[in-house]
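Student: So I've got this file, final_29.txt, and it contains compact mmCIF, C-alpha atoms and all ligand atoms:
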# COMPACT_ATOMS: atom_id res chain seq x y z
CA MET A 1 -0.84 20.65 13.91
CA SER A 2 2.57 20.35 12.30
CA ILE A 3 3.39 17.30 10.22
CA PRO A 4 6.99 16.18 10.75
CA GLN A 5 9.16 14.59 8.05
CA THR A 6 7.02 11.97 6.38
CA LEU A 7 8.03 9.75 3.49
CA ILE A 8 5.24 8.45 1.24
CA THR A 9 5.96 5.78 -1.36
CA GLY A 10 3.93 5.70 -4.56
CA ALA A 11 2.82 9.29 -4.13
CA ASN A 12 2.03 10.12 -7.75
CA ALA A 13 -1.35 8.40 -7.98
CA GLY A 14 -4.35 7.04 -6.14
CA ILE A 15 -4.23 6.77 -2.37
CA GLY A 16 -0.60 7.96 -2.17
CA TYR A 17 -1.52 11.22 -3.84
CA GLY A 18 -4.61 11.42 -1.60
CA ILE A 19 -2.35 11.04 1.47
CA CYS A 20 -0.15 13.93 0.29
CA ARG A 21 -3.15 16.17 -0.36
CA ARG A 22 -4.68 15.44 3.02
CA LEU A 23 -1.43 16.06 4.89
CA LEU A 24 -1.02 19.40 3.10
CA LEU A 25 -4.63 20.32 3.79
CA MET A 26 -3.92 19.73 7.49
CA ASP A 27 -0.62 21.59 7.47
CA LEU A 28 0.65 23.71 4.58
CA ASN A 29 4.14 23.41 6.05
CA ALA A 30 4.03 19.62 6.18
CA ASP A 31 7.50 18.22 5.58
CA LEU A 32 6.96 15.58 2.90
CA ILE A 33 9.29 13.33 0.93
CA ILE A 34 7.49 11.66 -1.90
CA THR A 35 8.77 8.74 -3.92
CA CYS A 36 7.78 7.98 -7.51
CA ARG A 37 9.08 5.49 -10.04
CA ASN A 38 10.84 8.12 -12.13
CA LYS A 39 11.72 11.81 -12.22
CA GLN A 40 9.02 12.69 -14.72
CA ARG A 41 6.25 11.34 -12.47
CA ALA A 42 7.81 13.00 -9.44
CA MET A 43 8.02 16.41 -11.17
CA ASP A 44 4.48 16.06 -12.40
CA THR A 45 3.26 15.19 -8.88
CA LEU A 46 5.16 18.08 -7.34
CA GLY A 47 3.72 20.39 -10.02
CA ARG A 48 0.16 19.29 -9.26
CA LEU A 49 0.66 19.76 -5.51
CA GLN A 50 2.26 23.18 -6.04
CA LYS A 51 -0.59 24.24 -8.29
CA GLU A 52 -3.10 23.44 -5.55
CA PHE A 53 -1.12 24.42 -2.44
CA GLY A 54 1.39 26.99 -3.66
CA LYS A 55 5.02 27.00 -4.74
CA SER A 56 6.36 27.27 -1.19
CA ILE A 57 5.25 23.81 -0.01
CA ASN A 58 7.93 21.73 1.61
CA VAL A 59 7.81 18.64 -0.62
CA LYS A 60 10.92 16.90 -1.89
CA PHE A 61 11.14 13.81 -4.05
CA VAL A 62 13.27 10.72 -4.44
CA CYS A 63 13.04 8.30 -7.37
CA LEU A 64 12.29 4.74 -6.29
CA ASP A 65 11.34 1.70 -8.31
CA LEU A 66 10.42 -1.00 -5.82
CA GLY A 67 10.67 -3.64 -8.53
CA ASP A 68 14.41 -3.02 -8.88
CA MET A 69 16.55 -3.61 -5.77
CA ARG A 70 19.39 -1.46 -7.13
CA SER A 71 16.98 1.44 -7.37
CA VAL A 72 15.82 0.71 -3.82
CA GLU A 73 19.38 0.81 -2.44
CA VAL A 74 20.20 3.99 -4.40
CA ALA A 75 17.03 5.63 -3.04
CA VAL A 76 17.91 4.58 0.51
CA ARG A 77 21.36 6.19 0.17
CA GLU A 78 19.85 9.37 -1.23
CA ILE A 79 17.29 9.51 1.58
CA ARG A 80 20.00 8.95 4.19
CA SER A 81 22.19 11.67 2.72
CA LEU A 82 19.37 14.21 2.44
CA PHE A 83 17.48 13.53 5.66
CA PRO A 84 19.32 12.73 8.89
CA HIS A 85 15.96 12.17 10.60
CA LEU A 86 12.62 10.94 9.35
CA HIS A 87 9.54 10.77 11.47
CA THR A 88 7.17 8.50 9.55
CA LEU A 89 7.52 6.10 6.65
CA ILE A 90 4.22 5.46 4.85
CA PHE A 91 4.57 2.30 2.77
CA ASN A 92 1.73 2.94 0.36
CA ALA A 93 3.05 1.95 -3.08
CA GLY A 94 1.73 -1.33 -4.31
CA ALA A 95 0.86 -3.37 -7.34
CA GLY A 96 -1.12 -6.42 -8.34
CA ASP A 97 -0.48 -8.69 -11.27
CA PHE A 98 -4.06 -8.87 -12.46
CA ASN A 99 -5.13 -10.30 -15.75
CA GLY A 100 -8.86 -9.72 -16.07
CA LEU A 101 -11.94 -11.25 -14.49
CA SER A 102 -13.44 -14.66 -14.22
CA TRP A 103 -16.89 -13.65 -15.47
CA GLY A 104 -18.79 -16.69 -14.24
CA ALA A 105 -17.43 -16.31 -10.72
CA ALA A 106 -18.03 -12.54 -10.77
CA ILE A 107 -21.67 -12.83 -11.78
CA THR A 108 -22.38 -15.66 -9.33
CA ALA A 109 -20.74 -13.71 -6.49
CA LEU A 110 -22.64 -10.55 -7.39
CA LEU A 111 -26.00 -12.29 -7.51
CA SER A 112 -25.52 -14.18 -4.25
CA ASN A 113 -24.11 -11.33 -2.10
CA PRO A 114 -23.43 -7.99 -3.82
CA ILE A 115 -21.77 -6.29 -0.83
CA HIS A 116 -19.41 -9.19 -0.33
CA ALA A 117 -18.71 -9.45 -4.07
CA ILE A 118 -17.76 -5.78 -4.44
CA THR A 119 -15.63 -5.95 -1.28
CA HIS A 120 -13.83 -9.24 -1.87
CA SER A 121 -13.25 -9.52 -5.60
CA ASN A 122 -11.92 -13.06 -5.57
CA TYR A 123 -12.94 -13.36 -9.23
CA LYS A 124 -9.97 -11.23 -10.38
CA ILE A 125 -7.53 -13.41 -12.29
CA GLN A 126 -3.91 -13.04 -11.24
CA LYS A 127 -0.75 -14.12 -13.02
CA ILE A 128 1.18 -16.87 -11.29
CA GLY A 129 4.93 -16.93 -10.76
CA THR A 130 5.93 -13.52 -12.16
CA ARG A 131 9.43 -12.50 -11.07
CA THR A 132 11.24 -9.18 -11.19
CA MET A 133 14.65 -8.73 -12.86
CA ASP A 134 16.04 -9.38 -9.38
CA GLY A 135 14.54 -12.87 -9.51
CA LEU A 136 12.15 -12.23 -6.62
CA GLY A 137 8.37 -12.61 -6.72
CA TYR A 138 7.13 -9.42 -8.42
CA VAL A 139 4.16 -8.60 -6.19
CA PHE A 140 6.06 -9.74 -3.08
CA GLN A 141 9.00 -7.47 -3.89
CA VAL A 142 7.01 -4.36 -4.79
CA ASN A 143 4.46 -4.60 -1.99
CA VAL A 144 6.46 -6.01 0.89
CA PHE A 145 10.11 -6.91 0.51
CA ALA A 146 11.43 -3.65 -0.97
CA HIS A 147 9.58 -1.73 1.74
CA TYR A 148 10.93 -4.08 4.39
CA TYR A 149 14.42 -3.49 3.02
CA ILE A 150 13.91 0.29 3.22
CA GLN A 151 12.60 0.02 6.75
CA GLN A 152 15.65 -1.98 7.89
CA ARG A 153 18.12 0.29 6.08
CA LEU A 154 16.57 3.37 7.68
CA ILE A 155 16.05 1.74 11.07
CA ASP A 156 18.25 4.21 12.93
CA ILE A 157 16.73 7.38 11.48
CA HIS A 158 12.97 6.84 11.54
CA LYS A 159 10.39 6.68 14.29
CA ARG A 160 7.13 5.36 12.87
CA VAL A 161 6.08 3.06 10.03
CA VAL A 162 2.68 2.69 8.40
CA TRP A 163 2.09 -0.42 6.31
CA GLU A 164 -0.80 -0.31 3.86
CA SER A 165 -2.45 -3.68 3.63
CA SER A 166 -5.79 -4.72 2.21
CA LEU A 167 -9.06 -6.47 2.94
CA GLU A 168 -7.72 -9.10 0.54
CA ALA A 169 -5.06 -10.30 3.00
CA TYR A 170 -6.73 -13.70 3.22
CA PRO A 171 -4.92 -16.30 5.34
CA SER A 172 -5.70 -18.88 2.64
CA SER A 173 -3.71 -16.99 -0.02
CA PHE A 174 -0.44 -17.36 1.91
CA GLN A 175 1.82 -20.38 2.37
CA ILE A 176 4.75 -20.28 4.77
CA ASN A 177 6.98 -22.23 2.34
CA ASP A 178 6.21 -19.72 -0.46
CA ILE A 179 6.57 -16.31 1.16
CA GLN A 180 7.30 -14.75 -2.24
CA GLY A 181 3.91 -15.89 -3.51
CA LEU A 182 5.38 -17.55 -6.60
CA GLN A 183 3.13 -20.59 -6.57
CA THR A 184 -0.14 -19.18 -5.35
CA PRO A 185 -2.88 -18.04 -7.74
CA TYR A 186 -3.29 -15.08 -5.32
CA PRO A 187 0.10 -13.33 -5.16
CA TYR A 188 -1.57 -10.02 -4.24
CA GLY A 189 -3.44 -11.47 -1.26
CA SER A 190 -0.33 -13.42 -0.31
CA SER A 191 1.76 -10.24 -0.16
CA LYS A 192 -0.82 -8.44 1.95
CA ARG A 193 -1.26 -11.41 4.27
CA LEU A 194 2.51 -11.46 4.73
CA MET A 195 2.33 -7.79 5.72
CA ASP A 196 -0.40 -8.61 8.25
CA MET A 197 1.56 -11.55 9.65
CA LEU A 198 4.68 -9.43 10.08
CA HIS A 199 2.60 -6.92 11.99
CA VAL A 200 1.81 -9.42 14.74
CA SER A 201 5.45 -9.31 15.89
CA SER A 202 6.10 -5.65 15.07
CA LYS A 203 7.23 -2.86 17.36
CA LYS A 204 4.92 -0.40 19.10
CA ASP A 205 5.24 2.46 16.61
CA GLU A 206 4.50 0.27 13.58
CA TYR A 207 0.99 0.58 12.21
CA LEU A 208 -1.08 -1.58 9.90
CA CYS A 209 -4.03 -0.23 7.98
CA HIS A 210 -6.01 -0.62 4.76
CA PRO A 211 -7.87 1.87 2.56
CA GLY A 212 -11.04 -0.15 2.10
CA VAL A 213 -12.08 -0.37 -1.54
CA CYS A 214 -11.27 2.62 -3.76
CA ALA A 215 -11.52 3.28 -7.47
CA THR A 216 -7.82 3.80 -8.24
CA ASN A 217 -5.49 2.62 -11.03
CA ILE A 218 -4.77 -0.66 -9.27
CA PHE A 219 -8.31 -1.82 -9.98
CA ARG A 220 -8.82 0.15 -13.22
CA ASP A 221 -5.75 -1.11 -15.04
CA HIS A 222 -7.14 -4.52 -15.97
CA LEU A 223 -10.70 -3.36 -16.79
CA SER A 224 -12.17 -1.71 -19.88
CA LEU A 225 -13.55 1.82 -19.40
CA PRO A 226 -17.27 0.86 -19.44
CA LEU A 227 -16.55 -1.82 -16.86
CA VAL A 228 -14.72 0.70 -14.69
CA TRP A 229 -17.85 2.85 -14.62
CA VAL A 230 -20.04 -0.14 -13.79
CA MET A 231 -17.70 -1.06 -10.93
CA VAL A 232 -17.64 2.50 -9.56
CA PHE A 233 -21.45 2.59 -9.70
CA LEU A 234 -21.58 -0.75 -7.86
CA MET A 235 -19.16 0.56 -5.22
CA TYR A 236 -21.45 3.50 -4.46
CA LEU A 237 -24.47 1.21 -4.56
CA VAL A 238 -23.10 -1.27 -2.01
CA ARG A 239 -21.97 1.59 0.20
CA TRP A 240 -25.52 2.88 0.18
CA MET A 241 -26.72 -0.67 0.92
CA GLY A 242 -24.58 -0.68 4.06
CA SER A 243 -21.07 -1.81 3.12
CA PRO A 244 -18.65 -0.52 5.77
CA TRP A 245 -15.64 -0.64 3.43
CA HIS A 246 -16.35 1.52 0.39
CA PRO A 247 -14.71 4.95 0.64
CA VAL A 248 -14.51 4.81 -3.21
CA THR A 249 -12.39 7.96 -3.59
CA ALA A 250 -8.65 7.91 -2.93
CA GLU A 251 -8.92 10.84 -0.50
CA LYS A 252 -11.45 9.03 1.67
CA GLY A 253 -9.44 5.81 1.35
CA ALA A 254 -6.46 7.68 2.81
CA SER A 255 -8.26 8.38 6.11
CA SER A 256 -6.99 5.37 8.09
CA ILE A 257 -3.48 5.85 6.75
CA ILE A 258 -3.44 9.47 7.98
CA PHE A 259 -4.92 8.34 11.30
CA CYS A 260 -2.07 5.85 11.76
CA ALA A 261 0.60 8.22 10.46
CA LEU A 262 -0.43 10.66 13.19
CA GLY A 263 -0.09 7.85 15.76
CA LYS A 264 -3.69 8.18 16.81
CA GLY A 265 -4.87 4.61 17.29
CA ASP A 266 -3.62 1.58 19.15
CA SER A 267 -0.99 0.11 16.85
CA SER A 268 -1.84 -3.49 17.74
CA TYR A 269 -4.98 -3.28 15.56
CA LYS A 270 -5.44 -3.20 11.78
CA TRP A 271 -7.17 0.08 10.99
CA GLY A 272 -9.41 0.41 7.97
CA SER A 273 -10.90 3.29 5.99
CA GLY A 274 -14.64 3.08 5.65
CA THR A 275 -17.65 5.32 5.50
CA THR A 276 -21.25 5.48 6.61
CA ARG A 277 -23.99 4.80 4.04
CA MET A 278 -24.02 8.52 3.26
CA GLY A 279 -20.28 8.59 2.66
CA ARG A 280 -19.12 10.13 5.94
CA GLU A 281 -15.65 8.84 6.78
CA LYS A 282 -15.47 6.22 9.48
CA ILE A 283 -12.19 4.59 10.53
CA ARG A 284 -12.79 1.10 11.87
CA LYS A 285 -10.50 -1.22 13.78
CA THR A 286 -10.05 -4.87 12.95
CA VAL A 287 -7.56 -7.53 13.97
CA VAL A 288 -5.15 -9.75 12.07
CA GLU A 289 -6.91 -13.06 12.21
CA ASP A 290 -5.44 -16.53 12.61
CA CYS A 291 -1.82 -15.61 13.11
CA ARG A 292 0.11 -16.77 16.14
CA MET A 293 3.22 -14.98 17.39
CA GLU A 294 5.41 -17.99 16.45
CA GLU A 295 4.16 -17.84 12.85
CA SER A 296 4.84 -14.12 12.71
CA LEU A 297 8.34 -14.61 14.05
CA GLU A 298 8.95 -17.37 11.54
CA VAL A 299 8.06 -15.14 8.56
CA ARG A 300 10.08 -12.32 10.10
CA GLN A 301 13.09 -14.61 10.29
CA LYS A 302 12.71 -15.45 6.59
CA MET A 303 12.40 -11.77 5.70
CA ASP A 304 15.46 -10.91 7.79
CA ALA A 305 17.51 -13.61 6.07
CA LEU A 306 16.48 -12.28 2.65
CA TYR A 307 17.17 -8.73 3.80
CA ARG A 308 20.73 -9.65 4.86
CA GLU A 309 21.31 -11.45 1.57
CA TRP A 310 20.28 -8.37 -0.43
CA ARG A 311 22.09 -5.97 1.88
CA ASP A 312 25.33 -7.86 1.16
CA LYS A 313 24.63 -8.04 -2.57
CA LEU A 314 23.99 -4.31 -2.83
CA MET A 315 26.74 -3.17 -0.49
CA ASN A 316 29.21 -2.37 -3.28
CA ILE A 317 27.04 -0.85 -5.99
N1 LIG A 401 -7.54 0.82 -4.33
C1 LIG A 401 -7.97 -0.08 -3.46
O1 LIG A 401 -9.15 -0.43 -3.39
C2 LIG A 401 -7.00 -0.71 -2.51
C3 LIG A 401 -7.50 -1.66 -1.63
C4 LIG A 401 -6.63 -2.24 -0.72
C5 LIG A 401 -5.30 -1.88 -0.69
N2 LIG A 401 -4.84 -0.97 -1.58
C6 LIG A 401 -3.41 -0.61 -1.49
O2 LIG A 401 -3.26 0.78 -1.52
C7 LIG A 401 -1.96 1.10 -2.01
C8 LIG A 401 -2.07 2.19 -3.05
O3 LIG A 401 -2.75 1.67 -4.20
P1 LIG A 401 -3.76 2.54 -5.05
O4 LIG A 401 -5.08 1.94 -4.87
O5 LIG A 401 -3.57 3.97 -4.79
O6 LIG A 401 -3.25 2.13 -6.52
P2 LIG A 401 -2.56 3.01 -7.67
O7 LIG A 401 -3.41 4.16 -8.01
O8 LIG A 401 -2.23 2.02 -8.72
O9 LIG A 401 -1.23 3.54 -6.99
C9 LIG A 401 -0.16 2.68 -6.70
C10 LIG A 401 1.09 3.50 -6.47
O10 LIG A 401 2.16 2.56 -6.27
C11 LIG A 401 3.17 2.85 -7.23
N3 LIG A 401 3.91 1.69 -7.66
C12 LIG A 401 3.45 0.58 -8.30
N4 LIG A 401 4.47 -0.22 -8.62
C13 LIG A 401 5.60 0.40 -8.20
C14 LIG A 401 6.97 0.09 -8.26
N5 LIG A 401 7.43 -1.00 -8.87
N6 LIG A 401 7.86 0.96 -7.71
C15 LIG A 401 7.45 2.09 -7.13
N7 LIG A 401 6.15 2.45 -7.05
C16 LIG A 401 5.24 1.61 -7.58
C17 LIG A 401 2.42 3.44 -8.43
O11 LIG A 401 3.32 4.11 -9.25
P3 LIG A 401 3.06 4.19 -10.86
O12 LIG A 401 1.99 5.22 -11.03
O13 LIG A 401 4.39 4.57 -11.38
O14 LIG A 401 2.61 2.82 -11.26
C18 LIG A 401 1.45 4.34 -7.70
O15 LIG A 401 2.08 5.52 -7.28
C19 LIG A 401 -1.38 -0.20 -2.55
O16 LIG A 401 -0.48 -0.73 -1.60
C20 LIG A 401 -2.60 -1.10 -2.68
O17 LIG A 401 -2.26 -2.46 -2.54
C21 LIG A 401 -5.66 -0.37 -2.50
For the structure just supplied, provide its representation as structure tokens.

Tutor:
Amino acid sequence: MSIPQTLITGANAGIGYGICRRLLLMDLNADLIITCRNKQRAMDTLGRLQKEFGKSINVKFVCLDLGDMRSVEVAVREIRSLFPHLHTLIFNAGAGDFNGLSWGAAITALLSNPIHAITHSNYKIQKIGTRTMDGLGYVFQVNVFAHYYIQQRLIDIHKRVVWESSLEAYPSSFQINDIQGLQTPYPYGSSKRLMDMLHVSSKKDEYLCHPGVCATNIFRDHLSLPLVWVMVFLMYLVRWMGSPWHPVTAEKGASSIIFCALGKGDSSYKWGSGTTRMGREKIRKTVVEDCRMEESLEVRQKMDALYREWRDKLMNI
């Protein structure tokens, strides 16, 4: 199988790096464009991939900081000048704005239903109202808007898009009058729910997936090292107890993203990476719940208006 030109955002760590590895394992000639926040991280990522797969791999990089719209526009121009055609855009990069755990809630959740507690960690504390230098909601911009902007700016040169959502895309974390998630205590869930809602009115070759629960930096960053090990142990434990959504490793978490990138499933579903109790990969399909077409079109309209505003602002940089 040959992997055509595929752009992966946030490729230097976690699931993004896992996606790159898996694509190269499938096809040593895979045509990959990776994006990282800065040149140092990109060179380091390229070096690691070359060390494993050889110097002749076909991987190029573009610097992209999704939290800075100027950087996003510059990256778009570079991509357009370097690649007249792209096959697939994998919107993997993402961030939370986590600030520790609510211990009482964590222990109660764990004691009442361990599988649920290690799947839906509603006891993570998130910062409220953080904005980027651009004045937009930080998590909203990094996870959704900057990717949406890239998608629209590259609309004429790409074929397929893969959006990486989450199990935490709870309808309750999102409010239509706060699409940037500036008022909610759950900006991460709000951004992922927005992604899911947009999917309801998306085109045929636009996929939505999630990596299940994996032990990557996004969950490690706000925990102390001993707690990280406890959490990883609990992830394996609940998987063994029957949780469908604990791939745990980034490579296994990448399975549904690869599946969608290859256009394998029906794009109207939300595909998730899971495993069996023994850790064998199992991609499962789910649906975006409680979202009507009119609601999806309404959020799309808001995103389009914001896109046009930023397109005009960045036109002359
Ligand atoms: N891990 C899970 O259990 C889980 C569950 C559900 C969904 N997800 C989603 O999976 C995706 C990948 O996350 P991960 O688990 O692999 O976490 P990760 O290890 O923290 O990787 C996140 C990637 O996104 C990049 N990124 C963060 N902020 C960025 C910015 N402002 N501009 C450009 N790139 C930025 C990071 O770059 P730096 O290294 O420079 O920060 C990194 O490459 C995210 O969309 C996340 O929401 C993960």

Student: Enumerate residues in contact with ligand LIG 401 (chain A): an atom-to-atom distance of at most 7 Å, counting only C-alpha atoms and all ligand atoms. Format the result as a ChimeraX atom specification.

Tutor: /A:9-16,36-37,64-67,92-95,142-143,164-167,210-219,250

Student: Using only C-alpha atoms, can you tell me which of A:His199, A:Lys270, A:Lys39, A:His158 comes closest to A:Arg292?

Tutor: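 Of the candidates, the smallest distance to A:Arg292 is held by A:His199.
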
Student: Residues within 12 Å of A:Asp290, please, as a PyMOL selection string. Count only C-alpha atoms; anything in the same chain fewer than 3 positions from it doesn't count.

Tutor: chain A and resi 169-172+174+193+196-197+200+287+293-296

Student: Need the neighbours of (-28.1, 3.8, -0.4): which residues are at most 10 Å away, counting all atoms listed in the file, as an MDAnalysis selection string?

Tutor: chainID A and resid 236:243 276:279

Student: With only C-alpha atoms counted and 12 Å as the cut-off, give the residues of stretch 101-140 of chain A in contact with stretch 304-312 of chain A, each with its shortest interatomic distance in Å and the pair that gives it, as JSON lines.

Tutor:
{"residue": "A:Asp134", "atom": "CA", "partner": "A:Trp310", "partner_atom": "CA", "distance": 10.0}
{"residue": "A:Gly135", "atom": "CA", "partner": "A:Trp310", "partner_atom": "CA", "distance": 11.6}
{"residue": "A:Leu136", "atom": "CA", "partner": "A:Leu306", "partner_atom": "CA", "distance": 10.2}

Student: Could you name the residues that touch A:Pro114 at 9 Å or less, counting all atoms listed in the file, but leaving out those on the same chain fewer than 4 positions away, as a PDB file with C-alpha atoms, in the coordinates of the input?

Tutor:
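Below is the file that was written, selection.pdb:
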ATOM      1  CA  ALA A 109     -20.740 -13.710  -6.490  1.00  0.00           C
ATOM      2  CA  LEU A 110     -22.640 -10.550  -7.390  1.00  0.00           C
ATOM      3  CA  ILE A 118     -17.760  -5.780  -4.440  1.00  0.00           C
ATOM      4  CA  THR A 119     -15.630  -5.950  -1.280  1.00  0.00           C
ATOM      5  CA  LEU A 234     -21.580  -0.750  -7.860  1.00  0.00           C
ATOM      6  CA  VAL A 238     -23.100  -1.270  -2.010  1.00  0.00           C
TER       7      VAL A 238
END

Student: Between A:Met43, A:Ile155, A:Met315, A:Val59, which residue has the minimum interatomic distance to A:Leu23, considering all atoms listed in the file?

Tutor: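 Under the stated criterion, the closest residue is A:Val59.
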
Student: At what distance in Å, to one decimal, does atom CA of A:Ile283 lie from atom CA of A:Ser256?

Tutor: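 Atom CA of A:Ile283 lies 5.8 Å from atom CA of A:Ser256.
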
Student: One decimal, Å: what's the distance from atom CA of A:Ser56 over to atom CA of A:Ser255, could you say?

Tutor: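 We find that atom CA of A:Ser56 and atom CA of A:Ser255 lie 25.0 Å from each other.
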
Student: If we count only C-alpha atoms and set the cut-off at 9 Å, which residues sit around A:Gly100, ignoring sequence neighbours fewer than 2 positions away in its own chain? Please answer as JSON, numbers by chain.

Tutor: {"A": [98, 102, 103, 123, 124, 125, 126, 222, 223]}

Student: Could you take the residues named above and write them with C-alpha atoms, as a CSV table (one decimal), in the frame of the given file?

Tutor:
chain,number,residue,atom,x,y,z
A,98,PHE,CA,-4.1,-8.9,-12.5
A,102,SER,CA,-13.4,-14.7,-14.2
A,103,TRP,CA,-16.9,-13.6,-15.5
A,123,TYR,CA,-12.9,-13.4,-9.2
A,124,LYS,CA,-10.0,-11.2,-10.4
A,125,ILE,CA,-7.5,-13.4,-12.3
A,126,GLN,CA,-3.9,-13.0,-11.2
A,222,HIS,CA,-7.1,-4.5,-16.0
A,223,LEU,CA,-10.7,-3.4,-16.8

Student: May I have the residues at most 12 Å from (21.6, 6.4, 0.1) in the file's coordinates, counting all atoms listed in the file, as an MDAnalysis selection string?

Tutor: chainID A and resid 62:64 70:84 150 153:154 314:315 317

Student: Rounded to one decimal in Å, what is the spacing between atom CA of A:Ser112 and atom CA of A:Ser173?

Tutor: 22.4 Å

Student: Kindly indicate which residue among A:Ile34, A:Leu101, A:Ile179, A:Ala146 lies nearest to A:Asn122, using all atoms listed in the file for the distances.

Tutor: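 Nearest to A:Asn122: A:Leu101.
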
Student: Which residues come within 9 Å of A:Arg21, counting all atoms listed in the file, excluding same-chain residues fewer than 6 positions away, as a PDB file with C-alpha atoms, in the coordinates of the input?

Tutor:
ATOM      1  CA  LEU A  49       0.660  19.760  -5.510  1.00  0.00           C
ATOM      2  CA  GLU A  52      -3.100  23.440  -5.550  1.00  0.00           C
ATOM      3  CA  PHE A  53      -1.120  24.420  -2.440  1.00  0.00           C
ATOM      4  CA  GLU A 251      -8.920  10.840  -0.500  1.00  0.00           C
TER       5      GLU A 251
END

Student: Of the candidates A:Ala105, A:Gly181, A:Ser190, A:Val144, which one gets nearest to A:Ile128 if we count only C-alpha atoms?

Tutor: A:Gly181

Student: Looking at all atoms listed in the file, which of A:Arg220, A:His120, A:Lys313, A:Lys302 is the one that sits closest to A:Leu194?

Tutor: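 Residue with the minimum atom-to-atom distance to A:Leu194: A:Lys302.
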
Student: I want to know what sits within 8 Å of stretch 25-28 of chain A, based on all atoms listed in the file, with residues of the same chain fewer than 6 positions away left out; could you give that as a ChimeraX atom specification?

Tutor: /A:1-3,53,57

Student: Since we have the selection now, will you write its residues out, keeping C-alpha atoms, as a CSV table (one decimal), in the frame of the given file?

Tutor:
chain,number,residue,atom,x,y,z
A,1,MET,CA,-0.8,20.6,13.9
A,2,SER,CA,2.6,20.4,12.3
A,3,ILE,CA,3.4,17.3,10.2
A,53,PHE,CA,-1.1,24.4,-2.4
A,57,ILE,CA,5.2,23.8,0.0
